[in-house]
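Trainee: My file is protein00.txt. It has compact mmCIF, C-alpha atoms and all ligand atoms:
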# COMPACT_ATOMS: atom_id res chain seq x y z
CA MET Y 1 -14.53 -69.40 4.87
CA THR Y 2 -16.62 -72.55 5.15
CA VAL Y 3 -20.35 -73.09 5.39
CA LYS Y 4 -21.10 -75.61 8.13
CA GLU Y 5 -24.90 -75.50 8.26
CA LEU Y 6 -27.64 -73.77 6.33
CA SER Y 7 -31.22 -73.64 7.62
CA PHE Y 8 -34.28 -72.21 5.91
CA GLU Y 9 -37.87 -71.64 6.93
CA ASN Y 10 -40.54 -70.38 4.51
CA TYR Y 11 -37.83 -69.53 1.99
CA ARG Y 12 -39.25 -69.58 -1.57
CA ASN Y 13 -40.28 -73.17 -2.43
CA LEU Y 14 -37.71 -74.81 -0.12
CA GLU Y 15 -39.17 -77.18 2.46
CA ASN Y 16 -38.04 -76.13 5.95
CA ASN Y 17 -34.79 -77.92 6.56
CA SER Y 18 -31.15 -77.72 7.63
CA ILE Y 19 -28.30 -78.97 5.49
CA PHE Y 20 -24.72 -79.78 6.46
CA PRO Y 21 -22.48 -79.32 3.43
CA SER Y 22 -19.05 -80.74 2.74
CA ASP Y 23 -15.98 -78.48 2.97
CA GLY Y 24 -15.29 -79.33 -0.68
CA ILE Y 25 -17.56 -79.52 -3.71
CA ASN Y 26 -21.31 -79.69 -3.04
CA VAL Y 27 -23.38 -80.71 -6.02
CA ILE Y 28 -27.07 -79.77 -5.93
CA TYR Y 29 -28.94 -81.62 -8.61
CA GLY Y 30 -32.53 -82.06 -9.68
CA ASP Y 31 -34.96 -81.36 -12.50
CA ASN Y 32 -35.90 -77.87 -13.61
CA ALA Y 33 -37.91 -75.68 -11.23
CA GLN Y 34 -37.19 -77.76 -8.09
CA GLY Y 35 -35.36 -75.09 -6.05
CA LYS Y 36 -31.66 -75.40 -6.93
CA THR Y 37 -31.14 -71.71 -7.69
CA ASN Y 38 -33.27 -70.81 -4.67
CA MET Y 39 -30.77 -72.60 -2.47
CA LEU Y 40 -27.78 -70.70 -3.91
CA GLU Y 41 -29.71 -67.45 -3.65
CA CYS Y 42 -30.42 -68.21 0.01
CA LEU Y 43 -26.68 -68.70 0.70
CA TRP Y 44 -25.83 -65.51 -1.17
CA LEU Y 45 -28.09 -63.39 1.06
CA PHE Y 46 -25.69 -63.92 3.98
CA THR Y 47 -23.16 -61.69 2.20
CA GLY Y 48 -25.55 -58.85 3.06
CA GLY Y 49 -26.25 -58.20 -0.63
CA ARG Y 50 -29.55 -58.30 -2.46
CA SER Y 51 -30.72 -61.38 -4.35
CA PHE Y 52 -28.43 -62.01 -7.34
CA ARG Y 53 -31.59 -62.55 -9.36
CA GLY Y 54 -32.63 -58.97 -8.70
CA SER Y 55 -35.74 -60.15 -6.79
CA LYS Y 56 -37.54 -58.01 -4.27
CA GLU Y 57 -37.34 -59.02 -0.59
CA SER Y 58 -41.05 -59.91 -0.50
CA GLU Y 59 -40.56 -62.42 -3.33
CA LEU Y 60 -38.17 -64.45 -1.18
CA VAL Y 61 -40.90 -65.38 1.29
CA ARG Y 62 -42.85 -68.53 0.46
CA PHE Y 63 -46.20 -67.78 -1.20
CA ASP Y 64 -49.01 -67.12 1.35
CA ASN Y 65 -46.59 -66.63 4.26
CA ASP Y 66 -45.60 -63.37 5.86
CA TYR Y 67 -42.01 -64.07 6.87
CA ALA Y 68 -39.00 -66.19 6.00
CA ARG Y 69 -36.14 -67.05 8.33
CA ILE Y 70 -32.73 -68.25 7.25
CA ARG Y 71 -29.66 -69.10 9.30
CA LEU Y 72 -26.05 -69.80 8.42
CA LYS Y 73 -23.35 -71.32 10.57
CA PHE Y 74 -19.92 -70.83 9.05
CA GLU Y 75 -16.28 -70.92 9.97
CA SER Y 76 -14.24 -67.80 9.41
CA ARG Y 77 -10.92 -66.78 10.93
CA GLU Y 78 -10.86 -70.14 12.73
CA ARG Y 79 -14.03 -69.25 14.57
CA GLU Y 80 -17.59 -70.57 14.30
CA GLN Y 81 -19.91 -67.71 13.42
CA GLU Y 82 -23.61 -67.40 12.80
CA ILE Y 83 -25.79 -65.07 10.77
CA LYS Y 84 -29.57 -65.06 11.10
CA ILE Y 85 -31.75 -63.18 8.66
CA MET Y 86 -35.47 -62.53 9.00
CA ILE Y 87 -37.34 -61.33 5.91
CA LYS Y 88 -40.63 -59.65 6.72
CA GLY Y 89 -42.73 -56.81 5.33
CA GLY Y 90 -40.38 -56.38 2.37
CA LYS Y 91 -37.35 -55.85 4.63
CA LYS Y 92 -34.43 -57.93 5.89
CA TYR Y 93 -33.27 -57.95 9.51
CA ALA Y 94 -29.91 -59.46 10.44
CA GLU Y 95 -28.14 -60.79 13.50
CA LEU Y 96 -24.44 -61.57 13.49
CA ASN Y 97 -23.29 -63.85 16.32
CA ASP Y 98 -26.49 -63.01 18.24
CA VAL Y 99 -25.97 -59.25 17.91
CA LYS Y 100 -28.86 -57.47 16.18
CA LYS Y 101 -27.77 -55.14 13.38
CA SER Y 102 -29.63 -51.92 12.59
CA TYR Y 103 -28.97 -52.34 8.88
CA ILE Y 104 -28.32 -55.48 6.86
CA SER Y 105 -25.35 -53.65 5.28
CA GLN Y 106 -23.58 -54.01 8.63
CA ILE Y 107 -22.98 -57.71 7.95
CA VAL Y 108 -21.24 -57.06 4.61
CA GLY Y 109 -17.72 -58.49 4.72
CA SER Y 110 -18.49 -61.10 7.42
CA PHE Y 111 -19.44 -63.92 5.07
CA CYS Y 112 -17.96 -63.72 1.59
CA CYS Y 113 -19.19 -65.46 -1.53
CA VAL Y 114 -18.70 -65.25 -5.22
CA VAL Y 115 -21.62 -66.26 -7.41
CA PHE Y 116 -21.89 -67.22 -11.06
CA SER Y 117 -25.37 -67.35 -12.57
CA PRO Y 118 -26.27 -67.52 -16.28
CA ASP Y 119 -27.85 -64.06 -15.79
CA HIS Y 120 -24.33 -62.74 -15.20
CA LEU Y 121 -23.54 -63.25 -18.88
CA THR Y 122 -24.97 -59.75 -19.19
CA LEU Y 123 -21.61 -58.69 -17.74
CA ILE Y 124 -20.25 -59.18 -21.24
CA LYS Y 125 -23.41 -58.92 -23.32
CA ASN Y 126 -24.69 -55.64 -21.89
CA GLY Y 127 -23.33 -52.12 -21.65
CA PRO Y 128 -20.79 -50.70 -19.17
CA GLU Y 129 -23.24 -50.25 -16.29
CA GLU Y 130 -23.26 -53.99 -15.52
CA ARG Y 131 -19.47 -54.08 -15.41
CA ARG Y 132 -19.30 -51.03 -13.14
CA LYS Y 133 -21.84 -52.62 -10.79
CA PHE Y 134 -19.84 -55.86 -10.74
CA ILE Y 135 -16.58 -54.19 -9.85
CA ASP Y 136 -18.25 -51.95 -7.25
CA ALA Y 137 -19.88 -54.94 -5.54
CA ALA Y 138 -16.55 -56.80 -5.59
CA ILE Y 139 -14.73 -53.88 -3.96
CA CYS Y 140 -17.47 -53.54 -1.33
CA GLN Y 141 -16.87 -57.11 -0.15
CA ILE Y 142 -13.18 -56.32 0.40
CA LYS Y 143 -13.62 -52.82 1.68
CA PRO Y 144 -17.13 -52.19 3.07
CA SER Y 145 -16.33 -48.46 3.50
CA TYR Y 146 -16.24 -48.14 -0.31
CA SER Y 147 -20.03 -48.29 -0.33
CA ALA Y 148 -20.17 -44.91 1.49
CA ILE Y 149 -17.67 -43.42 -1.01
CA LEU Y 150 -19.90 -44.59 -3.85
CA SER Y 151 -23.17 -43.31 -2.40
CA LYS Y 152 -21.61 -39.93 -1.66
CA TYR Y 153 -20.46 -39.73 -5.28
CA GLN Y 154 -23.95 -40.69 -6.49
CA LYS Y 155 -25.49 -37.96 -4.33
CA ILE Y 156 -23.12 -35.30 -5.66
CA LEU Y 157 -23.75 -36.47 -9.22
CA THR Y 158 -27.52 -36.22 -8.75
CA GLU Y 159 -27.14 -32.68 -7.37
CA ARG Y 160 -24.85 -31.58 -10.21
CA ASN Y 161 -27.27 -33.01 -12.79
CA ALA Y 162 -30.17 -31.15 -11.15
CA LEU Y 163 -28.12 -27.94 -11.25
CA LEU Y 164 -27.29 -28.46 -14.94
CA LYS Y 165 -31.01 -28.70 -15.71
CA ASP Y 166 -31.72 -25.53 -13.67
CA ILE Y 167 -28.92 -23.56 -15.36
CA LYS Y 168 -30.66 -24.04 -18.71
CA TYR Y 169 -33.44 -21.74 -17.46
CA HIS Y 170 -31.59 -19.71 -14.78
CA SER Y 171 -28.19 -18.74 -16.13
CA GLU Y 172 -27.40 -16.85 -12.90
CA LEU Y 173 -26.85 -20.27 -11.28
CA MET Y 174 -23.79 -20.78 -13.48
CA ASP Y 175 -21.46 -19.61 -10.67
CA MET Y 176 -22.48 -22.56 -8.55
CA LEU Y 177 -21.30 -25.07 -11.12
CA GLU Y 178 -17.67 -24.56 -10.11
CA ILE Y 179 -18.43 -25.70 -6.55
CA TRP Y 180 -20.11 -28.87 -7.81
CA ASP Y 181 -17.33 -29.54 -10.34
CA ASP Y 182 -14.89 -29.44 -7.46
CA ARG Y 183 -16.97 -31.75 -5.26
CA LEU Y 184 -17.71 -34.18 -8.05
CA SER Y 185 -14.09 -34.42 -9.17
CA ALA Y 186 -12.80 -34.89 -5.60
CA GLN Y 187 -15.28 -37.69 -4.90
CA GLY Y 188 -15.06 -39.12 -8.42
CA ALA Y 189 -11.29 -39.42 -8.10
CA LEU Y 190 -11.78 -41.57 -4.99
CA VAL Y 191 -14.16 -43.91 -6.80
CA SER Y 192 -11.99 -44.25 -9.92
CA ARG Y 193 -8.86 -44.82 -7.86
CA GLU Y 194 -10.42 -47.72 -5.93
CA ARG Y 195 -11.57 -49.30 -9.16
CA ILE Y 196 -8.23 -48.87 -10.94
CA LEU Y 197 -6.39 -50.41 -7.98
CA TYR Y 198 -8.84 -53.30 -7.84
CA MET Y 199 -8.50 -53.93 -11.58
CA LYS Y 200 -4.72 -54.32 -11.37
CA ASP Y 201 -4.76 -57.67 -9.56
CA PHE Y 202 -8.16 -58.65 -10.90
CA SER Y 203 -7.21 -58.47 -14.59
CA GLU Y 204 -4.07 -60.55 -14.00
CA TYR Y 205 -5.97 -63.30 -12.21
CA CYS Y 206 -8.67 -63.18 -14.85
CA ALA Y 207 -6.19 -63.61 -17.71
CA GLU Y 208 -4.62 -66.55 -15.85
CA TYR Y 209 -7.97 -68.30 -15.37
CA TYR Y 210 -8.99 -67.72 -18.97
CA ASP Y 211 -5.69 -69.06 -20.13
CA GLY Y 212 -6.38 -72.24 -18.13
CA ILE Y 213 -9.96 -72.62 -19.33
CA SER Y 214 -9.06 -72.11 -22.98
CA LYS Y 215 -5.88 -74.20 -22.61
CA GLY Y 216 -3.82 -71.23 -23.75
CA SER Y 217 -5.48 -71.10 -27.16
CA GLU Y 218 -6.92 -67.61 -26.63
CA LYS Y 219 -5.66 -64.51 -24.88
CA ILE Y 220 -7.84 -62.00 -23.10
CA ASN Y 221 -7.23 -58.46 -22.04
CA ILE Y 222 -9.31 -56.71 -19.42
CA SER Y 223 -8.64 -53.08 -18.64
CA TYR Y 224 -10.25 -50.12 -16.93
CA ARG Y 225 -11.25 -47.26 -19.22
CA LEU Y 226 -11.53 -43.87 -17.58
CA SER Y 227 -13.99 -41.49 -19.20
CA TYR Y 228 -11.61 -38.62 -18.49
CA GLY Y 229 -8.02 -39.62 -19.11
CA ASP Y 230 -5.28 -42.12 -18.55
CA GLU Y 231 -6.32 -45.21 -16.63
CA THR Y 232 -2.83 -46.00 -15.35
CA VAL Y 233 -2.86 -43.01 -12.98
CA THR Y 234 -3.73 -43.76 -9.36
CA ASP Y 235 -2.64 -40.50 -7.78
CA ILE Y 236 -5.74 -38.97 -6.25
CA CYS Y 237 -4.72 -35.34 -6.99
CA VAL Y 238 -3.93 -36.11 -10.62
CA LEU Y 239 -7.25 -37.94 -11.06
CA LYS Y 240 -9.15 -35.07 -9.47
CA GLU Y 241 -7.45 -32.52 -11.68
CA LYS Y 242 -8.08 -34.54 -14.83
CA LEU Y 243 -11.76 -34.96 -14.02
CA CYS Y 244 -12.18 -31.31 -13.12
CA LYS Y 245 -10.58 -30.23 -16.40
CA LYS Y 246 -12.81 -32.57 -18.36
CA LEU Y 247 -15.92 -31.25 -16.58
CA VAL Y 248 -14.98 -27.67 -17.45
CA MET Y 249 -14.24 -28.68 -21.04
CA CYS Y 250 -17.64 -30.37 -21.42
CA GLN Y 251 -19.63 -27.73 -19.52
CA GLN Y 252 -21.65 -26.46 -22.48
CA ASN Y 253 -22.53 -29.93 -23.61
CA ASP Y 254 -23.44 -31.01 -20.05
CA ILE Y 255 -25.78 -28.02 -19.69
CA TYR Y 256 -27.34 -28.79 -23.05
CA GLN Y 257 -27.85 -32.46 -22.10
CA GLY Y 258 -28.74 -31.71 -18.46
CA TYR Y 259 -26.40 -34.56 -17.57
CA THR Y 260 -22.78 -34.99 -16.46
CA GLY Y 261 -20.86 -36.61 -19.31
CA ALA Y 262 -17.64 -37.61 -17.52
CA GLY Y 263 -16.78 -39.28 -14.24
CA PRO Y 264 -16.71 -42.80 -12.80
CA HIS Y 265 -20.38 -43.25 -13.76
CA ARG Y 266 -19.21 -43.18 -17.39
CA ASP Y 267 -16.08 -45.32 -17.02
CA ASP Y 268 -15.99 -48.82 -18.51
CA ILE Y 269 -14.10 -52.08 -18.34
CA SER Y 270 -12.96 -53.21 -21.74
CA VAL Y 271 -12.96 -56.97 -22.32
CA MET Y 272 -11.14 -58.31 -25.37
CA ILE Y 273 -10.49 -61.84 -26.62
CA ASP Y 274 -7.52 -62.07 -29.00
CA GLY Y 275 -7.75 -58.32 -29.57
CA LYS Y 276 -11.46 -58.36 -30.46
CA ASN Y 277 -14.30 -56.98 -28.37
CA ALA Y 278 -15.78 -59.94 -26.45
CA ARG Y 279 -19.25 -58.37 -26.46
CA SER Y 280 -19.49 -58.20 -30.25
CA PHE Y 281 -17.36 -61.16 -31.31
CA GLY Y 282 -17.24 -63.68 -28.44
CA SER Y 283 -19.05 -67.03 -28.90
CA GLN Y 284 -21.49 -68.26 -26.21
CA GLY Y 285 -18.85 -70.59 -24.78
CA GLN Y 286 -16.19 -67.85 -24.84
CA GLN Y 287 -18.48 -65.38 -23.11
CA ARG Y 288 -19.40 -67.96 -20.47
CA SER Y 289 -15.72 -68.83 -19.94
CA LEU Y 290 -14.94 -65.14 -19.61
CA VAL Y 291 -17.60 -64.44 -17.01
CA LEU Y 292 -16.47 -67.52 -15.14
CA SER Y 293 -12.86 -66.33 -15.22
CA MET Y 294 -14.03 -62.96 -13.91
CA LYS Y 295 -15.84 -64.63 -11.01
CA LEU Y 296 -12.89 -66.85 -10.15
CA ALA Y 297 -10.63 -63.81 -10.33
CA GLU Y 298 -13.00 -61.98 -7.99
CA ALA Y 299 -12.62 -64.88 -5.55
CA SER Y 300 -8.83 -64.81 -5.84
CA VAL Y 301 -8.62 -61.08 -5.14
CA LEU Y 302 -10.93 -61.55 -2.16
CA ARG Y 303 -8.74 -64.31 -0.81
CA TYR Y 304 -5.60 -62.24 -1.36
CA GLU Y 305 -7.06 -59.19 0.38
CA ASN Y 306 -8.95 -60.92 3.20
CA GLY Y 307 -6.65 -63.87 3.67
CA GLU Y 308 -9.65 -66.19 3.36
CA GLN Y 309 -11.07 -68.16 0.48
CA PRO Y 310 -14.66 -67.07 -0.28
CA VAL Y 311 -17.36 -69.68 -0.85
CA ILE Y 312 -18.08 -70.20 -4.56
CA LEU Y 313 -21.64 -70.54 -5.86
CA LEU Y 314 -22.04 -71.74 -9.43
CA ASP Y 315 -25.51 -71.91 -10.90
CA ASP Y 316 -25.85 -74.01 -14.04
CA VAL Y 317 -22.27 -73.28 -15.00
CA LEU Y 318 -21.38 -76.37 -17.00
CA SER Y 319 -23.80 -76.09 -19.90
CA GLU Y 320 -22.20 -74.66 -23.05
CA LEU Y 321 -18.72 -75.58 -21.79
CA ASP Y 322 -16.96 -78.35 -23.70
CA MET Y 323 -15.41 -81.31 -21.81
CA LYS Y 324 -11.95 -79.75 -21.64
CA ARG Y 325 -13.31 -76.55 -20.14
CA GLN Y 326 -15.47 -78.48 -17.67
CA ASP Y 327 -12.48 -80.60 -16.57
CA TYR Y 328 -10.31 -77.54 -16.03
CA LEU Y 329 -13.02 -75.86 -13.97
CA LEU Y 330 -13.74 -78.84 -11.74
CA ASN Y 331 -10.03 -79.38 -11.17
CA GLU Y 332 -9.50 -75.70 -10.36
CA LEU Y 333 -12.32 -75.80 -7.82
CA SER Y 334 -11.22 -78.94 -6.05
CA GLN Y 335 -9.49 -77.12 -3.17
CA LYS Y 336 -12.37 -74.73 -2.46
CA GLN Y 337 -15.81 -74.93 -0.90
CA VAL Y 338 -18.17 -74.81 -3.83
CA PHE Y 339 -21.92 -75.16 -4.36
CA ILE Y 340 -22.70 -76.13 -7.92
CA THR Y 341 -26.13 -76.79 -9.41
CA CYS Y 342 -26.91 -79.04 -12.35
CA CYS Y 343 -29.68 -81.24 -13.66
CA GLU Y 344 -27.84 -84.58 -13.41
CA SER Y 345 -25.62 -86.23 -10.86
CA GLU Y 346 -23.14 -87.42 -13.54
CA ILE Y 347 -20.81 -84.59 -12.72
CA MET Y 348 -19.90 -86.50 -9.52
CA ALA Y 349 -17.99 -89.03 -11.61
CA LYS Y 350 -15.77 -86.24 -12.96
CA LEU Y 351 -14.79 -85.00 -9.53
CA LYS Y 352 -11.43 -86.17 -8.31
CA GLU Y 353 -10.99 -87.83 -4.92
CA GLY Y 354 -11.51 -85.40 -2.10
CA LYS Y 355 -14.24 -83.82 -0.06
CA LYS Y 356 -17.56 -83.74 -1.84
CA ALA Y 357 -21.27 -84.07 -1.19
CA LEU Y 358 -24.35 -84.60 -3.28
CA PHE Y 359 -27.78 -83.13 -2.60
CA TYR Y 360 -30.86 -84.13 -4.53
CA ILE Y 361 -33.65 -81.59 -4.63
CA ASN Y 362 -37.22 -82.37 -5.55
CA SER Y 363 -40.15 -79.93 -5.19
CA GLY Y 364 -38.13 -77.91 -2.70
CA THR Y 365 -37.18 -80.90 -0.54
CA VAL Y 366 -33.40 -81.14 -0.21
CA MET Y 367 -32.06 -84.64 0.38
CA PRO Y 368 -28.41 -85.54 0.97
CA SER Y 369 -27.53 -88.43 -1.36
CA PRO Y 370 -24.78 -90.98 -0.90
CA VAL Y 371 -21.60 -90.23 -2.86
CA LYS Y 372 -20.49 -93.29 -4.84
N1 LIG C 401 -41.79 -67.07 -2.99
C1 LIG C 401 -41.96 -68.29 -3.49
N2 LIG C 401 -42.79 -69.17 -2.87
C2 LIG C 401 -42.96 -70.43 -3.35
N3 LIG C 401 -42.37 -70.88 -4.47
C3 LIG C 401 -41.54 -70.06 -5.13
C4 LIG C 401 -41.30 -68.73 -4.67
N4 LIG C 401 -40.43 -68.14 -5.52
C5 LIG C 401 -40.14 -69.05 -6.47
N5 LIG C 401 -40.80 -70.19 -6.25
C6 LIG C 401 -40.77 -71.43 -7.03
O1 LIG C 401 -39.51 -72.06 -6.91
C7 LIG C 401 -39.40 -72.96 -8.00
C8 LIG C 401 -37.97 -73.36 -8.20
O2 LIG C 401 -37.17 -72.29 -8.58
P1 LIG C 401 -35.62 -72.41 -8.92
O3 LIG C 401 -35.33 -71.24 -9.77
O4 LIG C 401 -34.81 -72.57 -7.71
O5 LIG C 401 -35.53 -73.75 -9.77
P2 LIG C 401 -34.25 -74.53 -10.32
O6 LIG C 401 -34.22 -75.87 -9.65
O7 LIG C 401 -33.06 -73.70 -10.21
O8 LIG C 401 -34.66 -74.76 -11.83
P3 LIG C 401 -33.82 -74.66 -13.22
O9 LIG C 401 -33.08 -75.96 -13.37
O10 LIG C 401 -34.87 -74.52 -14.23
O11 LIG C 401 -32.93 -73.48 -13.12
C9 LIG C 401 -40.13 -72.29 -9.16
O12 LIG C 401 -41.00 -73.20 -9.75
C10 LIG C 401 -40.92 -71.14 -8.51
O13 LIG C 401 -42.27 -71.15 -8.85
MG MG C 402 -31.99 -72.62 -11.63
Please render this file's structure as structure tokens.
Ligand SMILES: Nc1ncnc2c1ncn2[C@@H]1O[C@H](COP(=O)(O)OP(=O)(O)OP(=O)(O)O)[C@@H](O)[C@H]1O
Ligand SMILES: [Mg+2]
Mentor:
Amino acid sequence: MTVKELSFENYRNLENNSIFPSDGINVIYGDNAQGKTNMLECLWLFTGGRSFRGSKESELVRFDNDYARIRLKFESREREQEIKIMIKGGKKYAELNDVKKSYISQIVGSFCCVVFSPDHLTLIKNGPEERRKFIDAAICQIKPSYSAILSKYQKILTERNALLKDIKYHSELMDMLEIWDDRLSAQGALVSRERILYMKDFSEYCAEYYDGISKGSEKINISYRLSYGDETVTDICVLKEKLCKKLVMCQQNDIYQGYTGAGPHRDDISVMIDGKNARSFGSQGQQRSLVLSMKLAEASVLRYENGEQPVILLDDVLSELDMKRQDYLLNELSQKQVFITCCESEIMAKLKEGKKALFYINSGTVMPSPVK
């Protein structure tokens, strides 16, 4: 997958423009607050996802304007393709190869990216919800139908939780719980199974990348932790049965809490460095290296599953990484199309021979710069 041209109009602080990136490493450099992250965010939107900064749609439109228009020409499956997105009235409207889509979600899977932003350090620093979201989003890019499986599970969970709260005051509703236990465990088994399968390849790639970044001096272990049994099981019937049993076992507690205590919404991904929990004991550099390894692993699984290398977006990735780690990363990326932001252009000197481009950005104006 290769970006050929990116155009933006009224997008955040970016001056209306079109850029033609290199197929290799594209360095976007400039002082703080000039629009570097805005440019990566703009590229990311073509995956069909929401802003990786968690911004609302209306915040993407330049101040005092009522719409923004962005367009991407890219090569995928040896074919030139085009996505146009219009952002207006707090909503996004998409066209893929001149065909209007009813929902932006219909473009998911057409253009694939992996993004690293310093905000993603919360993947390690925060609780399990961030890690579940990460893995769900990663699976959605490979298998867009997974998003329907997830929302159905979420709906069933909401209904079961509502019933639990009602049972507290209307014990005659107790009979209905069995029906919802059955639905929740059937749907929950589907969600957990997809995640466990995804984690198999993902954790191997991740360990490999971390090994490279840390030059083999540290070992990581990433594994899926089911909230209701053995994570090595992928048989759908076994998973369903285990979850159902756990729900029955925890019934009294669930009713007391008014909340379902087991299921994929309570699963976690454990991340350890040399046998110690990375969240509690990892240094800044280790946590950054870990998140980076997770993102590169996400890209590798995507390439393996889709047969195409996703575009890699790296926002301010090099700070806090020592020279050895930086060298490994830049070498690892040399065969991929990458967009990397930083405050200086010095990084260009570290890049090996090959395809590369430099863009200087000042007050939202993006200027291609000559590569020395
Ligand atoms: N909707 C908008 N309209 C106009 N300007 C905006 C809008 N949203 C954000 N900005 C401006 O864009 C500027 C640049 O933001 P951006 O986060 O891309 O900077 P950056 O170059 O990545 O900086 P840093 O190096 O500090 O990360 C900010 O100063 C912000 O005020
Ligand atoms: Mg930035």
Trainee: Report the closest atom pair, with its distance in Å rounded to one decimal, for each residue of chain Y that has an atom no farther than 8 Å from ligand LIG 401 (chain C); count all atoms listed in the file, sort by chain and then rising residue number, and write it as a Markdown table.
Mentor:
| residue | atom | partner | partner_atom | distance |
| --- | --- | --- | --- | --- |
| Y:Asn10 | CA | C:LIG401 | N2 | 7.8 |
| Y:Tyr11 | CA | C:LIG401 | N1 | 6.8 |
| Y:Arg12 | CA | C:LIG401 | C1 | 3.6 |
| Y:Asn13 | CA | C:LIG401 | N3 | 3.7 |
| Y:Leu14 | CA | C:LIG401 | N3 | 7.5 |
| Y:Tyr29 | CA | C:LIG401 | O6 | 7.9 |
| Y:Gly30 | CA | C:LIG401 | O6 | 6.4 |
| Y:Asp31 | CA | C:LIG401 | O9 | 5.8 |
| Y:Asn32 | CA | C:LIG401 | O9 | 3.4 |
| Y:Ala33 | CA | C:LIG401 | O5 | 3.4 |
| Y:Gln34 | CA | C:LIG401 | O6 | 3.9 |
| Y:Gly35 | CA | C:LIG401 | O4 | 3.1 |
| Y:Lys36 | CA | C:LIG401 | O6 | 3.8 |
| Y:Thr37 | CA | C:LIG401 | O7 | 3.7 |
| Y:Asn38 | CA | C:LIG401 | O4 | 3.8 |
| Y:Met39 | CA | C:LIG401 | O4 | 6.6 |
| Y:Ser58 | CA | C:LIG401 | N1 | 7.6 |
| Y:Glu59 | CA | C:LIG401 | N1 | 4.8 |
| Y:Leu60 | CA | C:LIG401 | N1 | 4.8 |
| Y:Val61 | CA | C:LIG401 | N1 | 4.7 |
| Y:Arg62 | CA | C:LIG401 | N2 | 3.4 |
| Y:Phe63 | CA | C:LIG401 | N2 | 4.0 |
| Y:Asp64 | CA | C:LIG401 | N2 | 7.8 |
| Y:Asp315 | CA | C:LIG401 | O7 | 7.8 |
| Y:Asp316 | CA | C:LIG401 | O11 | 7.2 |
| Y:Thr341 | CA | C:LIG401 | O7 | 7.6 |
| Y:Cys342 | CA | C:LIG401 | O9 | 7.0 |
| Y:Cys343 | CA | C:LIG401 | O9 | 6.3 |
| Y:Ile361 | CA | C:LIG401 | O6 | 7.6 |
| Y:Ser363 | CA | C:LIG401 | C8 | 7.5 |
| Y:Gly364 | CA | C:LIG401 | C8 | 7.1 |
Trainee: When distances are computed from all atoms listed in the file, which of Y:Ser147, Y:Tyr228, Y:Ile340, Y:Ile179 shows the smallest separation from ligand MG 402 (chain C)?
Mentor: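 Using all atoms listed in the file, ligand MG 402 (chain C) sits closest to Y:Ile340.
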Trainee: Can you list, as a list of chain:residue names, every protein, DNA or RNA residue that comes within 7 Å of Lys355 of chain Y when you count all atoms listed in the file, leaving out same-chain residues fewer than 6 positions away?
Mentor: Y:Ser22, Y:Asp23, Y:Gly24, Y:Ile25
Trainee: Can you list, as a list in words, every protein, DNA or RNA residue that comes within 8 Å of Phe116 of chain Y when you count only C-alpha atoms, leaving out same-chain residues fewer than 2 positions away?
Mentor: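 The contact residues come out as Val114, Pro118, His120, Val291, Leu292, Lys295, Leu313, Leu314, Asp315 and Val317 of chain Y.
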Trainee: Would you please work out which residue, of Y:Leu330, Y:Leu40, Y:Leu226, Y:Met348, is nearest to ligand MG 402 (chain C) when using all atoms listed in the file?
Mentor: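 Checking each candidate against ligand MG 402 (chain C), we get Y:Leu40 as the closest.
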